[in-house]
file data11.cif (mmCIF, C-alpha atoms)
data_my_file
#
loop_
_atom_site.label_atom_id
_atom_site.label_comp_id
_atom_site.auth_asym_id
_atom_site.auth_seq_id
_atom_site.Cartn_x
_atom_site.Cartn_y
_atom_site.Cartn_z
CA MET E 24 -11.75 65.03 86.50
CA ILE E 25 -11.11 68.70 85.70
CA VAL E 26 -14.10 71.06 85.60
CA ILE E 27 -13.92 74.17 83.39
CA THR E 28 -16.26 77.12 83.90
CA ALA E 29 -16.93 79.73 81.18
CA PRO E 30 -15.67 77.33 78.46
CA THR E 31 -16.91 79.45 75.54
CA GLY E 32 -15.13 82.68 76.52
CA GLN E 33 -11.71 83.86 75.36
CA ILE E 34 -9.80 82.24 78.21
CA GLY E 35 -12.01 79.21 78.80
CA SER E 36 -12.21 78.16 75.16
CA ARG E 37 -8.42 78.34 74.77
CA LEU E 38 -7.94 76.46 78.05
CA LEU E 39 -10.33 73.75 76.91
CA GLU E 40 -8.41 73.41 73.65
CA ILE E 41 -5.13 72.97 75.54
CA LEU E 42 -6.59 70.46 77.97
CA LEU E 43 -8.24 68.41 75.23
CA ASN E 44 -4.83 68.01 73.63
CA GLU E 45 -2.92 67.40 76.86
CA THR E 46 -5.34 64.94 78.47
CA ARG E 47 -5.46 62.51 75.55
CA THR E 48 -2.71 60.41 77.14
CA ARG E 49 -3.23 61.32 80.80
CA GLY E 50 -6.46 59.48 81.46
CA GLU E 51 -8.16 62.57 82.88
CA ALA E 52 -11.78 63.43 82.12
CA LEU E 53 -13.00 66.94 81.38
CA ARG E 54 -16.32 68.46 82.41
CA VAL E 55 -17.65 71.89 81.48
CA ILE E 56 -20.37 74.09 82.94
CA VAL E 57 -22.09 76.07 80.18
CA ARG E 58 -25.40 77.90 79.86
CA ASP E 59 -25.79 77.04 76.18
CA PRO E 60 -24.15 73.75 75.09
CA GLY E 61 -24.85 74.72 71.50
CA LYS E 62 -22.02 77.25 71.70
CA LEU E 63 -19.52 74.41 72.10
CA PRO E 64 -18.10 72.98 68.87
CA ASP E 65 -19.45 69.51 68.04
CA ALA E 66 -15.96 67.99 68.34
CA VAL E 67 -15.63 69.42 71.85
CA ARG E 68 -19.06 68.26 73.03
CA ALA E 69 -18.17 64.74 71.96
CA ARG E 70 -15.16 64.66 74.31
CA VAL E 71 -16.38 66.41 77.47
CA ASP E 72 -19.07 65.90 80.06
CA VAL E 73 -21.49 68.83 79.86
CA VAL E 74 -23.38 70.29 82.82
CA THR E 75 -25.90 72.85 81.61
CA GLY E 76 -26.58 75.97 83.64
CA SER E 77 -24.88 78.83 85.50
CA HIS E 78 -21.91 78.12 87.74
CA GLY E 79 -23.37 80.66 90.15
CA ASP E 80 -26.24 78.23 90.82
CA ALA E 81 -25.87 75.92 93.83
CA GLU E 82 -27.62 72.97 92.19
CA VAL E 83 -25.48 73.27 89.07
CA VAL E 84 -22.12 73.37 90.87
CA ASP E 85 -23.25 70.55 93.15
CA ARG E 86 -23.72 68.33 90.09
CA ALA E 87 -20.63 69.60 88.33
CA PHE E 88 -18.19 69.23 91.23
CA THR E 89 -19.20 65.66 92.09
CA GLY E 90 -16.07 63.56 91.53
CA ALA E 91 -14.00 66.60 90.52
CA ASP E 92 -10.29 66.79 91.35
CA ALA E 93 -9.72 70.32 90.05
CA VAL E 94 -11.77 73.32 88.93
CA PHE E 95 -11.02 76.30 86.71
CA TRP E 96 -12.99 79.24 88.10
CA LEU E 97 -13.83 82.35 86.08
CA VAL E 98 -16.62 84.76 87.00
CA PRO E 99 -18.45 85.83 83.82
CA SER E 100 -18.95 89.49 83.03
CA ASN E 101 -22.41 90.62 84.10
CA PRO E 102 -23.03 94.26 83.15
CA GLN E 103 -26.42 94.14 84.89
CA ALA E 104 -25.19 92.91 88.30
CA PRO E 105 -26.59 95.12 91.08
CA SER E 106 -23.24 95.43 92.87
CA LEU E 107 -19.62 94.37 92.63
CA ALA E 108 -20.09 92.03 95.59
CA ALA E 109 -22.98 90.34 93.77
CA MET E 110 -20.92 90.02 90.61
CA TYR E 111 -17.93 88.36 92.29
CA SER E 112 -18.27 87.01 95.86
CA GLU E 113 -22.01 86.33 95.90
CA PHE E 114 -21.79 84.58 92.54
CA THR E 115 -18.94 82.43 93.92
CA ARG E 116 -20.43 81.60 97.32
CA ALA E 117 -22.26 78.41 96.26
CA ALA E 118 -19.16 77.12 94.49
CA ALA E 119 -16.95 77.78 97.53
CA LYS E 120 -19.30 75.66 99.62
CA ALA E 121 -19.38 72.93 96.96
CA PHE E 122 -15.56 72.77 96.84
CA THR E 123 -15.66 71.64 100.47
CA THR E 124 -18.72 69.41 100.15
CA HIS E 125 -17.23 67.44 97.26
CA GLY E 126 -13.60 67.44 98.38
CA VAL E 127 -12.28 69.31 95.35
CA GLY E 128 -8.51 69.33 95.75
CA HIS E 129 -7.36 72.24 93.59
CA VAL E 130 -8.93 75.40 92.17
CA VAL E 131 -7.37 77.85 89.70
CA GLY E 132 -9.13 81.22 89.37
CA VAL E 133 -8.83 84.25 87.13
CA SER E 134 -8.16 87.37 89.18
CA ALA E 135 -6.11 90.55 89.04
CA LEU E 136 -2.89 92.21 90.08
CA GLY E 137 -2.91 94.67 92.96
CA ARG E 138 -2.94 92.74 96.24
CA ASP E 139 -0.86 94.49 98.92
CA THR E 140 -0.56 97.70 96.90
CA PRO E 141 -1.67 100.97 98.54
CA VAL E 142 -4.66 101.21 96.16
CA ALA E 143 -5.91 97.62 96.51
CA GLY E 144 -8.82 98.67 98.72
CA ARG E 145 -10.16 101.28 96.29
CA ALA E 146 -9.78 99.55 92.95
CA GLY E 147 -13.39 98.74 92.11
CA HIS E 148 -13.63 95.48 90.18
CA VAL E 149 -10.15 94.45 91.29
CA THR E 150 -10.98 94.96 94.96
CA ALA E 151 -14.06 92.79 94.48
CA SER E 152 -12.05 90.14 92.64
CA LEU E 153 -9.50 89.98 95.47
CA ALA E 154 -12.34 89.53 97.96
CA MET E 155 -13.57 86.62 95.84
CA ASP E 156 -10.08 85.09 96.02
CA ASP E 157 -10.21 85.34 99.81
CA LEU E 158 -13.59 83.62 99.85
CA ILE E 159 -12.29 80.70 97.79
CA ALA E 160 -9.08 80.44 99.81
CA GLY E 161 -11.17 80.39 103.00
CA SER E 162 -12.94 77.23 101.82
CA GLY E 163 -9.78 75.22 102.55
CA VAL E 164 -9.15 74.21 98.96
CA ALA E 165 -5.66 74.54 97.44
CA TYR E 166 -6.06 77.72 95.41
CA ARG E 167 -4.03 79.69 92.90
CA ALA E 168 -5.32 83.05 91.69
CA LEU E 169 -3.97 84.06 88.29
CA ALA E 170 -3.09 87.71 88.93
CA ASN E 171 -3.44 89.57 85.64
CA PRO E 172 -2.98 93.11 84.35
CA THR E 173 -5.14 94.55 81.55
CA PHE E 174 -5.92 92.05 78.80
CA ILE E 175 -4.49 92.86 75.37
CA ASP E 176 -7.60 91.25 73.90
CA ASN E 177 -9.76 94.08 75.26
CA LEU E 178 -8.62 96.04 72.21
CA LEU E 179 -10.93 93.84 70.15
CA TRP E 180 -13.79 95.92 71.57
CA GLN E 181 -12.34 98.82 69.52
CA VAL E 182 -11.76 97.02 66.24
CA ALA E 183 -14.29 99.18 64.37
CA SER E 184 -12.65 102.41 65.56
CA ILE E 185 -9.17 101.12 64.78
CA ARG E 186 -10.25 99.98 61.33
CA ASP E 187 -12.43 102.95 60.34
CA ASP E 188 -10.78 105.88 62.13
CA GLY E 189 -7.29 104.67 63.09
CA VAL E 190 -8.02 105.51 66.73
CA PHE E 191 -8.19 103.66 70.05
CA THR E 192 -8.94 105.18 73.43
CA GLY E 193 -8.18 104.67 77.11
CA THR E 194 -7.79 106.61 80.35
CA ASP E 195 -4.02 106.21 80.75
CA THR E 196 -1.66 109.01 79.81
CA ALA E 197 -0.11 108.30 76.43
CA ASP E 198 3.39 107.62 77.73
CA ARG E 199 2.59 105.61 80.89
CA LYS E 200 4.04 102.13 80.59
CA GLY E 201 2.48 99.08 82.22
CA PRO E 202 2.07 95.33 81.78
CA VAL E 203 -0.50 93.85 79.41
CA VAL E 204 -1.24 90.17 78.88
CA ALA E 205 -2.74 88.03 76.12
CA THR E 206 -5.64 85.85 77.22
CA ARG E 207 -3.99 82.87 75.54
CA ASP E 208 -1.15 83.14 78.08
CA ILE E 209 -3.62 83.18 80.97
CA ALA E 210 -5.18 79.99 79.60
CA ALA E 211 -1.75 78.37 79.28
CA ALA E 212 -0.86 79.26 82.88
CA ALA E 213 -4.17 77.82 84.07
CA ALA E 214 -3.56 74.60 82.12
CA ASP E 215 -0.12 74.14 83.69
CA LEU E 216 -1.56 74.43 87.20
CA LEU E 217 -4.57 72.21 86.53
CA LEU E 218 -2.45 69.45 85.05
CA ASP E 219 0.29 69.59 87.70
CA ARG E 220 -1.63 69.69 91.00
CA SER E 221 1.48 69.06 93.10
CA TRP E 222 1.03 72.50 94.69
CA THR E 223 -0.64 73.12 98.02
CA GLY E 224 -1.97 76.03 100.05
CA THR E 225 -3.10 79.33 98.57
CA GLY E 226 -1.35 82.04 96.60
CA GLU E 227 -1.12 84.09 93.44
CA VAL E 228 0.50 83.39 90.07
CA PRO E 229 1.16 86.68 88.22
CA VAL E 230 0.93 86.56 84.42
CA LEU E 231 2.59 89.78 83.22
CA GLY E 232 3.32 89.45 79.53
CA PRO E 233 6.87 89.92 78.20
CA GLU E 234 7.23 93.72 78.49
CA ASP E 235 5.70 96.95 79.77
CA LEU E 236 4.15 99.11 77.07
CA SER E 237 2.53 102.55 76.92
CA PRO E 238 -0.48 103.49 74.78
CA ASN E 239 1.95 105.23 72.43
CA ASP E 240 3.93 101.97 72.17
CA LEU E 241 0.72 100.10 71.35
CA ALA E 242 -0.16 102.67 68.66
CA ARG E 243 3.28 102.40 67.08
CA ILE E 244 3.18 98.60 66.94
CA MET E 245 -0.39 98.51 65.63
CA SER E 246 0.51 101.01 62.92
CA ASP E 247 3.47 98.90 61.87
CA VAL E 248 1.56 95.61 61.80
CA LEU E 249 -1.58 96.99 60.14
CA GLY E 250 0.33 99.11 57.65
CA ARG E 251 -1.76 102.19 58.43
CA PRO E 252 -1.56 104.98 61.03
CA VAL E 253 -3.14 104.22 64.40
CA ARG E 254 -3.13 106.80 67.19
CA TYR E 255 -4.15 106.88 70.84
CA GLU E 256 -6.65 109.34 72.30
CA GLN E 257 -6.82 109.74 76.07
CA GLN E 258 -10.39 109.62 77.36
CA THR E 259 -11.50 111.61 80.40
CA PHE E 260 -13.10 109.77 83.28
CA ASP E 261 -16.27 111.82 82.76
CA ASP E 262 -16.45 110.70 79.13
CA LEU E 263 -15.89 107.09 80.19
CA ARG E 264 -18.63 107.37 82.82
CA GLN E 265 -21.08 108.68 80.22
CA ALA E 266 -20.14 105.93 77.76
CA LEU E 267 -20.63 103.14 80.30
CA ALA E 268 -23.86 104.60 81.64
CA GLY E 269 -25.10 104.97 78.07
CA ARG E 270 -24.82 101.20 77.67
CA GLY E 271 -27.25 100.73 80.54
CA MET E 272 -24.64 99.67 83.08
CA PRO E 273 -25.77 100.12 86.71
CA ASP E 274 -24.18 102.97 88.66
CA ALA E 275 -22.33 100.61 91.02
CA LEU E 276 -20.58 98.84 88.15
CA VAL E 277 -19.78 102.11 86.37
CA GLN E 278 -18.17 103.44 89.53
CA GLY E 279 -16.32 100.15 90.01
CA TYR E 280 -14.84 100.39 86.53
CA LEU E 281 -13.80 104.03 87.03
CA ASP E 282 -12.24 103.21 90.40
CA MET E 283 -10.30 100.36 88.81
CA MET E 284 -8.92 102.56 86.04
CA ARG E 285 -7.93 105.29 88.52
CA ALA E 286 -6.19 102.69 90.67
CA LYS E 287 -4.28 101.40 87.65
CA ALA E 288 -3.09 104.95 86.99
CA ASP E 289 -1.94 105.08 90.64
CA GLY E 290 0.15 101.91 90.41
CA LEU E 291 -2.27 99.01 90.91
CA ASP E 292 -0.47 96.84 88.32
CA ASP E 293 3.04 97.88 89.34
CA GLY E 294 3.42 95.84 92.53
CA VAL E 295 4.91 92.68 90.99
CA ARG E 296 8.32 92.55 89.33
CA ARG E 297 8.61 90.75 86.01
CA THR E 298 10.86 87.69 86.25
CA ALA E 299 11.25 84.49 84.26
CA GLN E 300 8.47 83.05 86.42
CA THR E 301 6.01 85.95 86.15
CA ALA E 302 6.55 86.85 82.47
CA SER E 303 4.40 85.25 79.78
CA PRO E 304 5.47 84.73 76.18
CA THR E 305 3.02 86.44 73.81
CA SER E 306 4.29 89.85 72.71
CA PHE E 307 1.93 92.62 71.66
CA ARG E 308 3.38 92.51 68.14
CA GLU E 309 2.72 88.78 67.90
CA TRP E 310 -0.83 89.27 69.15
CA CYS E 311 -1.42 92.04 66.59
CA GLU E 312 -0.16 89.82 63.79
CA GLN E 313 -2.18 86.76 64.80
CA VAL E 314 -5.35 88.26 66.29
CA LEU E 315 -5.84 91.98 65.63
CA ARG E 316 -4.89 92.10 61.97
CA PRO E 317 -7.29 89.28 60.95
CA ALA E 318 -10.04 90.97 62.99
CA VAL E 319 -9.44 94.33 61.32
CA GLN E 320 -9.37 92.73 57.86
CA ALA E 321 -12.50 90.63 58.44
#
call {"tool": "encode", "arguments": {"input": "data11.cif", "output": "structure tokens"}}
result
Amino acid sequence: MIVITAPTGQIGSRLLEILLNETRTRGEALRVIVRDPGKLPDAVRARVDVVTGSHGDAEVVDRAFTGADAVFWLVPSNPQAPSLAAMYSEFTRAAAKAFTTHGVGHVVGVSALGRDTPVAGRAGHVTASLAMDDLIAGSGVAYRALANPTFIDNLLWQVASIRDDGVFTGTDTADRKGPVVATRDIAAAAADLLLDRSWTGTGEVPVLGPEDLSPNDLARIMSDVLGRPVRYEQQTFDDLRQALAGRGMPDALVQGYLDMMRAKADGLDDGVRRTAQTASPTSFREWCEQVLRPAVQA
């Protein structure tokens, strides 16, 4: 029995698709925790056990983890959380207890790059995510944290600006290169670990994408794939603060996001070398062709 949290999000839905295909001949059951089962496709609901509710709820995870061999753990975004600790570690605390109570053998979680870098302790959301990893690891379960850089798919938040104005924004300098990863590759890495389960202990699995790219590189590739000019505009941290606060985000989360972006500029994502084991296959060009272009043309 493999339990999948957040099965309707970008990573969870792709992971569920992979596991539904891979477990046909393996004799493994799948269970999902979801607030709204209606968001699952009918064909999916027919093949999985559904536990309705939040995976931050002790009663829900107690039901969901009964008989579970492995769990995929992803903390959902909560722009109204009162603090970063509440968003990550406090949300996870009931699950960490339930891992032990129900003898769950293996857990795979979605986390971030940056551990052991000089800026790891002042990286906002990433610092909180690493603390969540420590909480899970402290439960005694075999744990692998998928350590990710910025998601390529975050650009989908700017589809309207890319389509209408040919502009996307960020806080990086235009020529600063860094790793970016497609969420589909994170899902694939999670599937490999959940289906294998020969691993023990705790550790990280970096998922770095195939190459480092700068915002100018992203603009050039988007322009080529979309057949129209796309340019990058660097956003100040003050402008970003105002934009996030204008969406009603609490001050603690706004500050956490700003601290994370400053830490990335100071090398948060640069602590792991790309190798055959840490690279992932989806290039930015491939992602633009398969995901961004259809979204822009929709």
call {"tool": "residues_around", "arguments": {"input": "data11.cif", "residues": "Asp247 in chain E", "least_positions_apart": "2", "cutoff": "12 Å", "atoms": "only C-alpha atoms", "output": "ChimeraX atom specification"}}
result
/E:240-245,249-254,307-309,311-312,316
call {"tool": "closest_residue", "arguments": {"input": "data11.cif", "among": "E:Ala197, E:Ala81, E:Ala165, E:Leu218", "to": "Leu38 in chain E", "atoms": "all atoms listed in the file"}}
result
E:Leu218
call {"tool": "residues_around", "arguments": {"input": "data11.cif", "residues": "range 96-100 of chain E", "least_positions_apart": "6", "cutoff": "8 Å", "atoms": "all atoms listed in the file", "output": "NGL selection string"}}
result
:E and (27-29 or 110-111 or 114-115 or 130-133)
call {"tool": "write_last_selection", "arguments": {"input": "data11.cif", "atoms": "C-alpha atoms", "output": "PDB file, in the coordinates of the input"}}
result
ATOM      1  CA  ILE E  27     -13.920  74.170  83.390  1.00  0.00           C
ATOM      2  CA  THR E  28     -16.260  77.120  83.900  1.00  0.00           C
ATOM      3  CA  ALA E  29     -16.930  79.730  81.180  1.00  0.00           C
ATOM      4  CA  MET E 110     -20.920  90.020  90.610  1.00  0.00           C
ATOM      5  CA  TYR E 111     -17.930  88.360  92.290  1.00  0.00           C
ATOM      6  CA  PHE E 114     -21.790  84.580  92.540  1.00  0.00           C
ATOM      7  CA  THR E 115     -18.940  82.430  93.920  1.00  0.00           C
ATOM      8  CA  VAL E 130      -8.930  75.400  92.170  1.00  0.00           C
ATOM      9  CA  VAL E 131      -7.370  77.850  89.700  1.00  0.00           C
ATOM     10  CA  GLY E 132      -9.130  81.220  89.370  1.00  0.00           C
ATOM     11  CA  VAL E 133      -8.830  84.250  87.130  1.00  0.00           C
TER      12      VAL E 133
END
call {"tool": "closest_atom_pairs", "arguments": {"input": "data11.cif", "of": "range 99-172 of chain E", "to": "range 228-235 of chain E", "cutoff": "7 Å", "atoms": "all atoms listed in the file", "output": "Markdown table"}}
result
| residue | atom | partner | partner_atom | distance |
| --- | --- | --- | --- | --- |
| E:Arg167 | CA | E:Val228 | CA | 6.5 |
| E:Ala168 | CA | E:Val228 | CA | 6.1 |
| E:Leu169 | CA | E:Val228 | CA | 4.9 |
| E:Ala170 | CA | E:Pro229 | CA | 4.4 |
| E:Asn171 | CA | E:Val230 | CA | 5.4 |
| E:Pro172 | CA | E:Leu231 | CA | 6.6 |
call {"tool": "residues_around", "arguments": {"input": "data11.cif", "residues": "Thr194 in chain E", "least_positions_apart": "6", "cutoff": "10 Å", "atoms": "all atoms listed in the file", "output": "PyMOL selection string"}}
result
chain E and resi 238+256-260+262-263+281+284-285+287-288
call {"tool": "write_last_selection", "arguments": {"input": "data11.cif", "atoms": "C-alpha atoms", "output": "PDB file, in the coordinates of the input"}}
result
ATOM      1  CA  PRO E 238      -0.480 103.490  74.780  1.00  0.00           C
ATOM      2  CA  GLU E 256      -6.650 109.340  72.300  1.00  0.00           C
ATOM      3  CA  GLN E 257      -6.820 109.740  76.070  1.00  0.00           C
ATOM      4  CA  GLN E 258     -10.390 109.620  77.360  1.00  0.00           C
ATOM      5  CA  THR E 259     -11.500 111.610  80.400  1.00  0.00           C
ATOM      6  CA  PHE E 260     -13.100 109.770  83.280  1.00  0.00           C
ATOM      7  CA  ASP E 262     -16.450 110.700  79.130  1.00  0.00           C
ATOM      8  CA  LEU E 263     -15.890 107.090  80.190  1.00  0.00           C
ATOM      9  CA  LEU E 281     -13.800 104.030  87.030  1.00  0.00           C
ATOM     10  CA  MET E 284      -8.920 102.560  86.040  1.00  0.00           C
ATOM     11  CA  ARG E 285      -7.930 105.290  88.520  1.00  0.00           C
ATOM     12  CA  LYS E 287      -4.280 101.400  87.650  1.00  0.00           C
ATOM     13  CA  ALA E 288      -3.090 104.950  86.990  1.00  0.00           C
TER      14      ALA E 288
END
call {"tool": "resolve_selection", "arguments": {"input": "data11.cif", "expression": "the PyMOL selection byres ((chain E and resi 70) around 12)", "output": "ChimeraX atom specification"}}
result
/E:39-40,42-44,46-47,51-55,63-69,71-73
call {"tool": "atom_distance", "arguments": {"input": "data11.cif", "atom1": "CA of Gly35 in chain E", "atom2": "CA of Pro317 in chain E"}}
result
21.0 Å
call {"tool": "atom_distance", "arguments": {"input": "data11.cif", "atom1": "CA of Gly137 in chain E", "atom2": "CA of Asp289 in chain E"}}
result
10.7 Å
call {"tool": "atom_distance", "arguments": {"input": "data11.cif", "atom1": "CA of Ala143 in chain E", "atom2": "CA of Arg296 in chain E"}}
result
16.7 Å
call {"tool": "resolve_selection", "arguments": {"input": "data11.cif", "expression": "the PyMOL selection byres ((chain E and resi 155) around 12)", "output": "ChimeraX atom specification"}}
result
/E:96-98,107-119,132-135,148-154,156-162,166,168
call {"tool": "residues_around", "arguments": {"input": "data11.cif", "residues": "Arg220 in chain E", "least_positions_apart": "5", "cutoff": "10 Å", "atoms": "only C-alpha atoms", "output": "NGL selection string"}}
result
:E and (92-93 or 128-130 or 165 or 215)
call {"tool": "closest_residue", "arguments": {"input": "data11.cif", "among": "E:Ala275, E:Val164, E:Ala268, E:Val74", "to": "Thr225 in chain E", "atoms": "only C-alpha atoms"}}
result
E:Val164
call {"tool": "residues_around", "arguments": {"input": "data11.cif", "residues": "Gln278 in chain E", "least_positions_apart": "4", "cutoff": "8 Å", "atoms": "only C-alpha atoms", "output": "list in words"}}
result
Gly147, Arg264, Asp274 and Asp282 of chain E
call {"tool": "build_atoms", "arguments": {"input": "data11.cif", "residues": "range 127-139 of chain E", "atoms": "N, CA, C and O atoms", "output": "CSV table (one decimal), in the coordinates of the input"}}
result
chain,number,residue,atom,x,y,z
E,127,VAL,N,-13.1,68.9,96.5
E,127,VAL,CA,-12.3,69.3,95.4
E,127,VAL,C,-10.9,69.7,95.9
E,127,VAL,O,-10.8,70.4,96.9
E,128,GLY,N,-9.9,69.1,95.2
E,128,GLY,CA,-8.5,69.3,95.8
E,128,GLY,C,-7.9,70.6,95.4
E,128,GLY,O,-7.2,71.3,96.2
E,129,HIS,N,-8.1,71.1,94.1
E,129,HIS,CA,-7.4,72.2,93.6
E,129,HIS,C,-8.3,73.1,92.8
E,129,HIS,O,-9.1,72.6,92.0
E,130,VAL,N,-8.2,74.4,92.9
E,130,VAL,CA,-8.9,75.4,92.2
E,130,VAL,C,-8.0,76.4,91.6
E,130,VAL,O,-7.1,76.9,92.3
E,131,VAL,N,-8.1,76.8,90.4
E,131,VAL,CA,-7.4,77.8,89.7
E,131,VAL,C,-8.4,78.9,89.3
E,131,VAL,O,-9.3,78.6,88.6
E,132,GLY,N,-8.2,80.2,89.7
E,132,GLY,CA,-9.1,81.2,89.4
E,132,GLY,C,-8.5,82.3,88.6
E,132,GLY,O,-7.3,82.6,88.7
E,133,VAL,N,-9.3,83.1,87.9
E,133,VAL,CA,-8.8,84.2,87.1
E,133,VAL,C,-9.1,85.5,88.0
E,133,VAL,O,-10.3,85.7,88.4
E,134,SER,N,-8.0,86.2,88.3
E,134,SER,CA,-8.2,87.4,89.2
E,134,SER,C,-7.3,88.5,88.6
E,134,SER,O,-7.1,88.6,87.4
E,135,ALA,N,-6.8,89.3,89.5
E,135,ALA,CA,-6.1,90.6,89.0
E,135,ALA,C,-4.9,90.9,89.9
E,135,ALA,O,-4.8,90.5,91.1
E,136,LEU,N,-4.0,91.6,89.3
E,136,LEU,CA,-2.9,92.2,90.1
E,136,LEU,C,-3.4,93.3,91.1
E,136,LEU,O,-4.5,93.8,90.9
E,137,GLY,N,-2.6,93.6,92.1
E,137,GLY,CA,-2.9,94.7,93.0
E,137,GLY,C,-2.9,94.4,94.4
E,137,GLY,O,-2.8,95.3,95.3
E,138,ARG,N,-2.9,93.1,94.8
E,138,ARG,CA,-2.9,92.7,96.2
E,138,ARG,C,-1.7,93.3,96.9
E,138,ARG,O,-0.6,93.3,96.4
E,139,ASP,N,-1.9,93.9,98.1
E,139,ASP,CA,-0.9,94.5,98.9
E,139,ASP,C,-0.3,95.8,98.4
E,139,ASP,O,0.7,96.3,98.9
